[in-house]
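Dumped target.txt below, it's compact mmCIF, C-alpha atoms and all ligand atoms:
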```
# COMPACT_ATOMS: atom_id res chain seq x y z
CA MET A 1 108.79 80.91 101.35
CA HIS A 2 105.24 80.95 102.72
CA PHE A 3 103.45 84.23 103.34
CA LEU A 4 100.87 83.45 105.99
CA ASP A 5 101.64 86.22 108.46
CA ASP A 6 103.01 89.77 108.20
CA ARG A 7 105.98 88.61 110.26
CA ASP A 8 107.11 86.33 107.44
CA LEU A 9 108.70 89.49 106.00
CA ASN A 10 111.21 91.49 107.99
CA ARG A 11 111.60 95.26 107.78
CA ALA A 12 114.31 95.08 105.09
CA ASP A 13 112.09 92.80 102.97
CA GLN A 14 109.16 95.17 103.36
CA LEU A 15 111.18 98.27 102.44
CA ASP A 16 112.58 96.48 99.39
CA LEU A 17 109.07 95.47 98.28
CA LEU A 18 107.74 99.01 98.72
CA ASP A 19 110.54 100.60 96.68
CA THR A 20 110.31 97.88 94.03
CA THR A 21 106.54 98.31 93.75
CA TRP A 22 107.04 102.03 93.08
CA ARG A 23 109.57 101.21 90.36
CA LEU A 24 107.26 98.59 88.85
CA LYS A 25 104.20 100.85 88.80
CA HIS A 26 105.81 104.18 87.92
CA GLU A 27 109.14 103.47 86.25
CA GLY A 28 108.43 100.38 84.16
CA PHE A 29 110.70 98.08 86.17
CA ASP A 30 110.62 94.56 84.72
CA LEU A 31 110.02 91.75 87.22
CA GLY A 32 110.55 89.14 84.50
CA ALA A 33 108.48 85.97 84.25
CA PRO A 34 109.40 83.86 87.30
CA LEU A 35 106.09 82.00 87.01
CA ALA A 36 106.56 80.89 83.39
CA GLY A 37 105.41 77.29 83.07
CA LYS A 38 103.97 77.29 86.61
CA THR A 39 100.40 76.91 87.85
CA VAL A 40 99.18 78.53 91.05
CA ALA A 41 96.00 77.30 92.76
CA MET A 42 93.73 80.00 94.18
CA VAL A 43 91.50 78.51 96.85
CA MET A 44 88.60 80.78 97.79
CA SER A 45 86.41 79.81 100.75
CA LYS A 46 84.85 83.31 100.90
CA PRO A 47 83.85 85.92 98.29
CA SER A 48 86.44 88.36 96.90
CA LEU A 49 86.83 91.03 94.24
CA ARG A 50 90.17 92.72 94.91
CA THR A 51 92.15 89.71 96.08
CA ARG A 52 90.83 87.37 93.41
CA THR A 53 91.48 89.85 90.62
CA SER A 54 94.87 91.07 91.78
CA PHE A 55 96.22 87.58 92.54
CA THR A 56 95.01 86.27 89.18
CA VAL A 57 96.31 89.18 87.10
CA ALA A 58 99.63 89.27 88.98
CA THR A 59 100.19 85.54 88.41
CA ARG A 60 99.43 85.91 84.71
CA ARG A 61 101.66 88.99 84.32
CA LEU A 62 104.50 86.96 85.83
CA GLY A 63 103.98 84.25 83.22
CA GLY A 64 101.97 81.76 85.31
CA GLU A 65 98.54 80.19 85.13
CA ILE A 66 95.80 80.27 87.75
CA LEU A 67 93.61 77.36 88.79
CA GLU A 68 90.68 78.66 90.83
CA ILE A 69 89.17 76.28 93.36
CA GLY A 70 85.95 77.72 94.77
CA ALA A 71 84.10 77.19 98.03
CA HIS A 72 81.83 74.54 96.52
CA ASN A 73 84.71 72.14 95.88
CA THR A 74 87.45 73.06 98.35
CA LYS A 75 86.61 70.57 101.12
CA LEU A 76 89.04 72.80 103.02
CA GLY A 77 88.97 72.10 106.73
CA LYS A 78 86.14 69.59 106.33
CA GLY A 79 85.40 66.56 104.23
CA GLU A 80 88.71 65.21 102.98
CA ASP A 81 91.50 65.35 105.53
CA MET A 82 93.86 68.28 105.03
CA GLU A 83 96.90 66.01 105.13
CA GLU A 84 95.98 64.37 101.83
CA TRP A 85 94.21 67.42 100.38
CA ALA A 86 97.30 69.64 100.65
CA ALA A 87 99.72 66.92 99.56
CA VAL A 88 97.66 66.03 96.47
CA LEU A 89 97.06 69.64 95.40
CA THR A 90 100.72 70.59 95.74
CA SER A 91 101.83 67.50 93.82
CA MET A 92 100.20 69.12 90.78
CA VAL A 93 100.61 72.89 91.25
CA ASP A 94 103.56 75.14 92.06
CA GLY A 95 101.97 77.25 94.78
CA ILE A 96 98.72 78.01 96.59
CA GLY A 97 96.93 81.22 97.49
CA ALA A 98 94.11 80.56 99.94
CA ARG A 99 91.30 82.59 101.52
CA VAL A 100 90.06 80.68 104.54
CA HIS A 101 87.98 80.98 107.68
CA GLY A 102 90.35 79.59 110.33
CA HIS A 103 94.00 80.62 110.09
CA GLU A 104 94.94 77.05 111.09
CA ASP A 105 93.80 75.89 107.64
CA LEU A 106 96.62 77.95 106.09
CA GLU A 107 99.10 76.48 108.54
CA ALA A 108 97.91 72.99 107.60
CA LEU A 109 98.29 73.76 103.88
CA ALA A 110 101.86 74.87 104.55
CA LYS A 111 102.60 71.89 106.77
CA PHE A 112 101.16 69.12 104.63
CA GLY A 113 101.74 70.64 101.20
CA SER A 114 105.09 70.89 99.43
CA LYS A 115 104.78 74.33 97.75
CA PRO A 116 104.61 77.98 98.89
CA VAL A 117 101.32 79.12 100.46
CA VAL A 118 100.09 82.73 100.38
CA ASN A 119 97.42 84.00 102.78
CA LEU A 120 94.60 85.59 100.78
CA LEU A 121 92.81 86.47 104.08
CA SER A 122 92.04 84.46 107.16
CA ASP A 123 89.92 85.34 110.19
CA LYS A 124 93.17 86.33 111.92
CA LEU A 125 95.28 88.18 109.33
CA HIS A 126 95.21 89.81 105.90
CA PRO A 127 98.92 90.43 105.21
CA LEU A 128 98.55 91.19 101.48
CA GLN A 129 96.29 94.07 102.47
CA SER A 130 98.63 95.55 105.07
CA LEU A 131 101.59 95.36 102.66
CA CYS A 132 99.46 97.19 100.09
CA ASP A 133 98.38 99.74 102.69
CA ALA A 134 101.97 100.54 103.65
CA TYR A 135 102.82 100.96 99.97
CA THR A 136 99.78 103.16 99.34
CA VAL A 137 100.61 105.56 102.17
CA PHE A 138 104.22 105.78 100.96
CA GLU A 139 103.14 106.28 97.34
CA SER A 140 100.68 109.00 98.29
CA ALA A 141 103.41 110.91 100.17
CA LYS A 142 105.81 110.47 97.26
CA LYS A 143 103.25 111.70 94.73
CA GLN A 144 102.55 114.75 96.89
CA GLY A 145 106.29 115.39 97.07
CA LEU A 146 106.20 115.38 100.88
CA ALA A 147 109.49 115.70 102.76
CA ASN A 148 111.36 112.44 103.44
CA SER A 149 109.45 110.40 100.89
CA GLY A 150 112.29 109.65 98.46
CA SER A 151 112.58 106.02 99.50
CA ALA A 152 110.60 103.71 101.76
CA ALA A 153 113.49 103.71 104.26
CA GLU A 154 113.42 107.52 104.39
CA TYR A 155 109.64 107.69 104.62
CA PHE A 156 109.37 105.08 107.36
CA GLY A 157 112.50 106.39 109.07
CA THR A 158 110.48 109.53 109.90
CA SER A 159 107.87 109.63 112.67
CA ARG A 160 104.47 108.54 111.29
CA LYS A 161 101.12 107.71 112.84
CA TRP A 162 98.23 105.59 111.58
CA ALA A 163 94.74 105.42 113.11
CA TYR A 164 92.21 102.62 112.89
CA LEU A 165 88.66 103.00 114.16
CA GLY A 166 86.25 100.09 114.44
CA ASP A 167 86.31 96.33 114.75
CA GLY A 168 89.34 94.54 116.21
CA ASN A 169 89.60 92.15 113.25
CA ASN A 170 92.04 90.65 110.70
CA ILE A 171 92.65 94.07 109.09
CA ILE A 172 93.87 95.81 112.24
CA HIS A 173 95.83 92.71 113.27
CA SER A 174 97.90 92.84 110.08
CA MET A 175 98.08 96.64 110.12
CA MET A 176 99.49 96.57 113.67
CA LEU A 177 102.16 94.05 112.72
CA VAL A 178 103.28 95.98 109.64
CA ALA A 179 103.17 99.31 111.47
CA ALA A 180 105.27 97.82 114.27
CA SER A 181 107.82 96.44 111.85
CA LEU A 182 108.07 99.77 109.99
CA GLY A 183 108.13 101.82 113.21
CA VAL A 184 104.82 103.61 112.58
CA ILE A 185 102.79 104.59 115.67
CA ILE A 186 99.48 102.75 115.40
CA HIS A 187 96.45 103.74 117.46
CA ALA A 188 93.39 101.48 117.25
CA ALA A 189 90.14 102.62 118.86
CA CYS A 190 87.62 99.78 119.14
CA PRO A 191 84.41 99.27 121.09
CA GLU A 192 84.25 97.34 124.36
CA GLY A 193 84.43 93.62 123.63
CA ARG A 194 85.77 94.11 120.06
CA ALA A 195 89.44 94.84 120.77
CA PRO A 196 92.14 93.18 118.65
CA ASP A 197 93.52 89.82 119.83
CA PRO A 198 95.67 90.58 122.93
CA ALA A 199 98.32 88.07 121.79
CA LEU A 200 98.77 89.99 118.53
CA VAL A 201 98.79 93.35 120.33
CA LYS A 202 101.60 92.00 122.51
CA ALA A 203 103.44 90.64 119.46
CA ALA A 204 103.19 94.04 117.75
CA ARG A 205 104.42 95.82 120.89
CA ASP A 206 107.36 93.43 121.14
CA LEU A 207 108.21 94.18 117.50
CA HIS A 208 107.74 97.97 117.63
CA PRO A 209 110.89 100.05 118.31
CA ALA A 210 108.78 102.19 120.70
CA GLY A 211 107.31 99.14 122.47
CA ALA A 212 103.87 99.63 124.03
CA ASP A 213 103.96 103.38 123.20
CA GLY A 214 104.03 102.45 119.51
CA VAL A 215 100.91 100.28 119.57
CA ARG A 216 97.95 101.92 121.33
CA VAL A 217 94.63 100.15 121.72
CA ASP A 218 91.70 101.77 123.52
CA HIS A 219 88.21 103.20 122.99
CA ASP A 220 89.18 106.82 122.22
CA ALA A 221 88.38 107.43 118.54
CA ASN A 222 89.27 111.13 118.61
CA ALA A 223 92.64 110.51 120.26
CA ALA A 224 93.36 107.83 117.65
CA ALA A 225 92.60 110.20 114.77
CA ALA A 226 94.52 113.13 116.30
CA ASP A 227 97.64 114.01 114.29
CA ALA A 228 97.42 110.81 112.24
CA ASP A 229 98.96 110.67 108.76
CA MET A 230 96.43 108.02 107.79
CA ILE A 231 92.98 107.29 109.23
CA SER A 232 91.36 103.95 108.40
CA THR A 233 88.49 101.69 109.24
CA ASP A 234 86.92 98.43 108.05
CA THR A 235 83.49 96.87 107.83
CA TRP A 236 81.79 96.37 111.19
CA VAL A 237 80.74 92.83 110.18
CA SER A 238 83.41 90.61 108.64
CA MET A 239 82.80 87.68 106.32
CA GLY A 240 81.59 84.68 108.27
CA GLN A 241 80.18 86.84 111.10
CA GLU A 242 76.99 87.88 109.35
CA GLY A 243 74.01 87.17 111.58
CA ALA A 244 76.13 86.86 114.75
CA MET A 245 74.70 90.20 115.91
CA ASP A 246 71.50 92.06 115.15
CA ARG A 247 72.19 94.98 112.75
CA ASP A 248 70.75 97.58 115.15
CA ALA A 249 73.01 96.24 117.90
CA VAL A 250 76.00 96.46 115.51
CA ARG A 251 75.16 100.10 114.73
CA ALA A 252 74.73 100.96 118.40
CA LEU A 253 78.04 99.32 119.37
CA PHE A 254 80.22 100.66 116.55
CA GLY A 255 78.41 103.95 115.76
CA PRO A 256 80.63 106.04 118.08
CA PHE A 257 83.66 104.88 116.05
CA GLN A 258 82.41 106.08 112.65
CA VAL A 259 84.98 108.07 110.62
CA ASP A 260 83.29 111.33 109.67
CA ALA A 261 84.54 114.71 108.41
CA ALA A 262 85.10 115.99 111.94
CA ARG A 263 87.35 113.03 112.73
CA MET A 264 89.25 113.41 109.46
CA ALA A 265 89.87 117.05 110.42
CA LEU A 266 91.72 115.84 113.54
CA GLY A 267 94.44 114.22 111.42
CA LYS A 268 97.63 115.92 110.25
CA PRO A 269 97.26 118.39 107.36
CA GLY A 270 97.19 116.19 104.24
CA ALA A 271 96.02 113.11 106.18
CA VAL A 272 94.54 110.39 103.98
CA PHE A 273 91.56 108.11 104.49
CA MET A 274 91.95 104.40 103.72
CA HIS A 275 89.66 101.35 103.72
CA CYS A 276 90.47 97.89 102.35
CA LEU A 277 86.91 97.62 100.89
CA PRO A 278 84.21 96.46 100.60
CA ALA A 279 82.77 99.39 102.60
CA VAL A 280 79.29 100.23 103.89
CA PRO A 281 78.82 104.01 103.49
CA GLY A 282 76.86 105.43 106.42
CA GLU A 283 78.26 102.80 108.80
CA GLU A 284 82.02 102.65 109.43
CA MET A 285 82.50 105.98 107.60
CA THR A 286 80.27 108.58 106.04
CA ALA A 287 79.88 108.55 102.24
CA GLU A 288 81.41 112.04 102.32
CA VAL A 289 84.65 110.66 103.78
CA LEU A 290 84.69 107.48 101.65
CA ARG A 291 84.41 109.47 98.42
CA GLY A 292 85.90 112.77 99.61
CA PRO A 293 89.16 114.50 98.68
CA GLN A 294 91.20 112.85 101.45
CA SER A 295 90.16 109.34 100.41
CA ILE A 296 92.70 107.22 98.51
CA ILE A 297 90.61 104.03 98.53
CA LEU A 298 90.73 103.49 94.77
CA GLU A 299 94.51 103.83 94.58
CA GLN A 300 94.68 101.50 97.59
CA ALA A 301 92.51 98.90 95.84
CA GLU A 302 94.54 99.11 92.61
CA ASN A 303 97.76 98.77 94.58
CA ARG A 304 96.71 95.28 95.63
CA LEU A 305 97.79 94.29 92.11
CA TRP A 306 101.18 96.03 92.08
CA THR A 307 102.16 94.89 95.57
CA VAL A 308 101.22 91.23 95.13
CA GLN A 309 103.00 91.15 91.78
CA THR A 310 106.18 92.38 93.47
CA LEU A 311 105.78 89.99 96.40
CA LEU A 312 105.26 86.94 94.17
CA ALA A 313 108.22 87.80 91.95
CA ARG A 314 110.71 88.85 94.64
CA LYS A 315 109.88 86.61 97.60
CA ILE A 316 107.54 83.73 96.84
CA PHE A 317 108.74 82.58 93.42
CA GLY A 318 111.87 84.72 93.09
N1 LIG A 401 90.26 94.08 100.45
C1 LIG A 401 89.97 92.83 100.02
O1 LIG A 401 90.61 91.84 100.38
O2 LIG A 401 88.92 92.79 99.16
P1 LIG A 401 88.24 91.46 98.59
O3 LIG A 401 87.50 90.83 99.75
O4 LIG A 401 87.31 91.96 97.51
O5 LIG A 401 89.29 90.56 98.06
N1 LIG A 402 87.49 92.25 107.83
C1 LIG A 402 86.97 91.96 106.50
C2 LIG A 402 88.00 92.27 105.47
C3 LIG A 402 87.53 92.06 104.05
C4 LIG A 402 88.60 92.34 103.02
C5 LIG A 402 86.53 90.50 106.44
O1 LIG A 402 87.25 89.62 106.93
O2 LIG A 402 85.46 90.25 105.89
```
So that I can check it, write out the structure of this file as C-alpha cells.
Amino acid sequence: MHFLDDRDLNRADQLDLLDTTWRLKHEGFDLGAPLAGKTVAMVMSKPSLRTRTSFTVATRRLGGEILEIGAHNTKLGKGEDMEEWAAVLTSMVDGIGARVHGHEDLEALAKFGSKPVVNLLSDKLHPLQSLCDAYTVFESAKKQGLANSGSAAEYFGTSRKWAYLGDGNNIIHSMMLVAASLGVIIHAACPEGRAPDPALVKAARDLHPAGADGVRVDHDANAAAADADMISTDTWVSMGQEGAMDRDAVRALFGPFQVDAARMALGKPGAVFMHCLPAVPGEEMTAEVLRGPQSIILEQAENRLWTVQTLLARKIFG
C-alpha cells in the first residue's frame, strides 16, 4: 500500500499500529526483517533531521538498505518528466519515501511508479508525524498509569481533546485527520487568513464520530487549550515559505497564539505539550514550555523511529 495521506489507514489499522509500537518499544516484540534484500529510495526535496534519521534507521532495522536521493539530483516535479522518473526509479528499488513541496508530486510517484510510496512530508500533510503523535500521547498516558490506557482502543475509546495553536499547515491537517479517525476532539486556533484548508476541515468533520463538534477551528487560543489532554503548536514559518512574510509581520500575526505557561495551565491536569520540531523558542511557544515538565517533545521525536518501523513492517512491506 501507499501511505500518502492519514486516511490511507483506517481506525483499526491505526489502533493496531499504536499497540504494536508499544510492544516493539517496551516489550521487545520482533517485527522480523520484511525488508531483507530490499532497497528503499529516500527522496528529500527539503531538509530533515527526524524523518531522515528515523526512516533510514527503521529501514535498516527491518533488514533493508536506503538509497538517499537529495534535492540536488531529484529533478522531482521539474526537469525530467515524472512519468519516466517514477517508472525508472521504481524499476530498481522496492519502495520510495519522499519529502516534497507539492502533494501532487507524491500522487504522481504513486501513479507512475510501481512500488509503495510513503509521504515523508508534503505542503499538505505529514502523516508519519500524526501517527507518531497519536502514539506518543497514548504512550505518555500508559507510562503515567492513567485510567483507560491499557490498550489504544481503550485509550481512544475514552473522551480526549487535543489543542493546536498557530499556523493552519500540514501538521494540523494530518493531526485533524488522525484525531477524527480516533474520535479525539481537536480544536485548532489559528490567526485570520492562516486557517487550515477548508476541504480538509470538512473531510475531518465527515470522518469524526462527533461531526463538526469534533473538529473545531477558530481564533480562540484559550478555548482551544481549555481542558485539553495535549496542547501543541508548530513553527510559524514552514519550509518553502521563508521570505513570504516579513519576520515582524509573522510575529505580530501569530504572537497571540503563542503557547505559554498560562495557556498550558488551562489544559487538563497532567496535560502534555507537543511539537513536531524543529521549534523556535520565544515564537510559537516559550522556552519554558518547550523544555518544561509538561513537554514530551523528545519522546515524541524518538517515537518517529518506533512508529515508522511498525508502519513499514506491518502495512507497507508486511
Ligand atoms: N518533525 C519532522 O518531520 O522533523 P524533520 O523535518 O527534522 O524531519
Ligand atoms: N510545518 C513544518 C513541519 C516541519 C516538520 C514544515 O512544513 O516545515
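The residue that comes closest to A:Asp94, out of A:Met42, A:Val178, A:Ala287, A:Met245 and on the basis of all atoms listed in the file, is A:Met42.
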Cut-off 9 Å, only C-alpha atoms and all ligand atoms, neighbours of ligand LIG 402 (chain A) as an MDAnalysis selection string: chainID A and resid 46:48 50:51 101 121:126 129 167:172 234:241 276:279
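Minimum atom-to-atom distance to A:Ala141, evaluated using only C-alpha atoms, belongs to A:Val272 out of A:Leu128, A:Val272, A:Ile316, A:Ala244.
Atom CA of A:Asp8 sits 17.3 Å away from atom CA of A:Arg99.
Residue nearest A:Trp306 within the list A:Val88, A:Met1, A:Ala179, A:Leu31: A:Leu31 [criterion: smallest interatomic distance, all atoms listed in the file].
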Could you make a table, as a tab-separated table, of the residues of stretch 6-46 of chain A that have an atom within 8 Å of an atom of stretch 56-69 of chain A, each with its nearest atom pair and distance in Å to one decimal, counting all atoms listed in the file, in chain and number order?
```
residue	atom	partner	partner_atom	distance
A:Leu31	CA	A:Leu62	CA	7.4
A:Gly32	CA	A:Leu62	CA	6.6
A:Ala33	CA	A:Leu62	CA	4.4
A:Pro34	CA	A:Leu62	CA	6.0
A:Leu35	CA	A:Gly64	CA	4.5
A:Ala36	CA	A:Gly63	CA	4.2
A:Gly37	CA	A:Gly64	CA	6.1
A:Lys38	CA	A:Gly64	CA	5.1
A:Thr39	CA	A:Glu65	CA	4.6
A:Val40	CA	A:Ile66	CA	5.0
A:Ala41	CA	A:Leu67	CA	4.6
A:Met42	CA	A:Glu68	CA	4.7
A:Val43	CA	A:Ile69	CA	4.8
A:Met44	CA	A:Ile69	CA	6.3
```
